[in-house]
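Since the structure comes first, as C-alpha cells, the remarks are kept for the end.
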Amino acid sequence: MMILAALLVQSAANPGLETHFNACVNLIATDAAAAQADAEKWRQENGGAPALHCLGLAFVAQDRFGPAVTTFEQAARQAAINRDGRAAFFYVQAGNAALAGDDPSQARNMFDAALSIPSLSAAQQGEAHLDRARALVVLNDLGGARGDLDAALKLVPADPMAWLLSATLARRMGELPRAESDIGTAMQKAPDDAAVAYEAGNIAYAMDAPKAAQAAWERAAAADASGPIGENAQRALQSLTAPPAPVTTPATTP
C-alpha cells in the first residue's frame, strides 16, 4: 500500500544494476528532480526495468502520479518481456500511484493486471486485494470491494488495516454486527492506532451507543492530537455535546 515500501531490485546476477538503482533511489530523498534526470538518462542507455522503477519512484516523490503510473506500467511490461518475475510487483506500484493520483478506475485496472499474474506471494496478493478494494470503494462498487476485502482477510489476517477497512465497509453497507466484530479485531491488533479508534467511534455511534463512541473518539483525538484523524475525532466529539437546535414556530396570520 506504500509506493516506497519495496525498493530492492532482483538483480543479484548484475551487481552494477543494483548499485546504480540503489544510488538513484537514495538520491530521491534529497533531490527527486535530479534522480528523475538520472533515471531518464539511464533508461535511454538501456537501463531497463530498474531505470524505469527508479524513474517511477522519482515521479511519485514529486507528486507526479500520472507519469508515475505510465512509468511503472512500462516497467511491468519490460519485466514481463524479460520474464524476471517482477511484472506483478510493478503493476501494484502503478495501481498505488493511480490511487494517489485520484484515478481509481486506472488503479483498478493495474491491480487487475497484477492479480492476474501468478507470481505474487500470498502476502503480496493480500495487499493487492486490499488496495483494489480501496479503488472499488471510490468507484462505489461496494460488492466488489467486499469480495476483495474478504480475500485480503484470509491472506493477510495479521494486518490491522485489512480489518479496519472491512469494518468501515461493513458500516457503510449497514452491516453493523459485522462492522463491530471487525473493528474489535482491528483494535486487538492495533490498540493505539488513531484511525482504528476513530472508526470504532463511528460504528458505536451508528449502533446508538454514544458513550462508547465518545470514549473511542477521545482515544483517537489523543492518539493523533495534531493530525487529520484527531481533528475529525474532535469534531465528532463536539457534535455529541452541541446543544440541540432551537425549534421555531411559524408565525400565524391574524
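Numbering starts fresh at 1 for the residues of each chain in the C-alpha cells, the chains themselves are lettered A, B, ... in the order given, and ligands are numbered from 1 as they appear.
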
Quiz prompt | Residue neighbourhood stretch 235-242 of chain A, 12 Å, only C-alpha atoms, exclusion window fewer than 4 positions, as a PyMOL selection string | solution = chain A and resi 198-199+201-202+205+208-221+228-231+246

Need the shell around stretch 185-195 of chain A: protein/DNA/RNA residues with any atom at most 6 Å away, counting only C-alpha atoms. Skip same-chain ones fewer than 5 positions apart. Format as a compact mmCIF listing (two decimals) with N, CA and C atoms, in the first residue's frame?
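As a result, out_9.txt now contains:
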```
# COMPACT_ATOMS: atom_id res chain seq x y z
N PRO A 160 -3.81 -5.12 10.57
CA PRO A 160 -4.96 -4.41 11.15
C PRO A 160 -5.68 -3.52 10.15
N TRP A 163 -8.61 -5.30 8.58
CA TRP A 163 -9.78 -5.37 9.46
C TRP A 163 -10.45 -4.01 9.59
N LEU A 164 -9.65 -2.95 9.61
CA LEU A 164 -10.21 -1.61 9.68
C LEU A 164 -11.04 -1.29 8.44
N ALA A 220 -8.98 8.48 19.83
CA ALA A 220 -8.48 8.90 18.51
C ALA A 220 -7.92 10.30 18.57
N ALA A 223 -4.58 10.18 20.31
CA ALA A 223 -3.53 9.47 19.56
C ALA A 223 -3.04 10.28 18.37
N ASP A 224 -3.86 11.18 17.85
CA ASP A 224 -3.47 11.97 16.68
C ASP A 224 -3.85 13.43 16.93
```

Quiz item: Given the choices A:Asp84, A:Arg146, A:Leu17, A:Glu73, which gets closest to A:Phe111 if the distance is worked out from only C-alpha atoms?
Solution: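 Going through A:Asp84, A:Arg146, A:Leu17, A:Glu73 one by one, the smallest distance to A:Phe111 is for A:Glu73.
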
Practice problem: Select, from A:Val137, A:Leu153, A:Ala37, A:Ala222, the residue with the minimum atom-to-atom distance to A:Leu169, counting only C-alpha atoms. | Solution: A:Val137

Practice problem: Show which residues sit within 12 Å of A:Pro50, as an NGL selection string. Count only C-alpha atoms, and ignore same-chain residues fewer than 3 positions away. | Solution: :A and (7-11 or 14-25 or 38-40 or 42-43 or 45-47 or 53-57 or 71-72 or 74-76 or 78-79 or 82 or 84 or 86-87 or 90)

Self-check item: Nearest candidate to A:Ser105 (options A:Asn232, A:Thr70, A:Asn140, A:Thr30; using only C-alpha atoms)
Solution: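 For A:Ser105, the nearest of the candidates is A:Asn140.
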
Quiz item: Which one is closest to A:Ala162: A:Gly144, A:Arg134, A:Leu139, A:Ile81? Count only C-alpha atoms.
Solution: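 Checking each of A:Gly144, A:Arg134, A:Leu139, A:Ile81 against A:Ala162, counting only C-alpha atoms, the winner is A:Arg134.
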
Self-check item: Members of stretch 47-254 of chain A assigned alpha helix (DSSP H) by DSSP, as a PyMOL selection string
Solution: chain A and resi 48-61+65-82+87-100+104-115+122-138+142-155+160-172+176-189+194-206+210-223+228-241

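Using only C-alpha atoms, the nearest neighbour of A:Ala33 within the list A:Arg64, A:Ala233, A:Arg132, A:Ala49 is A:Arg64.
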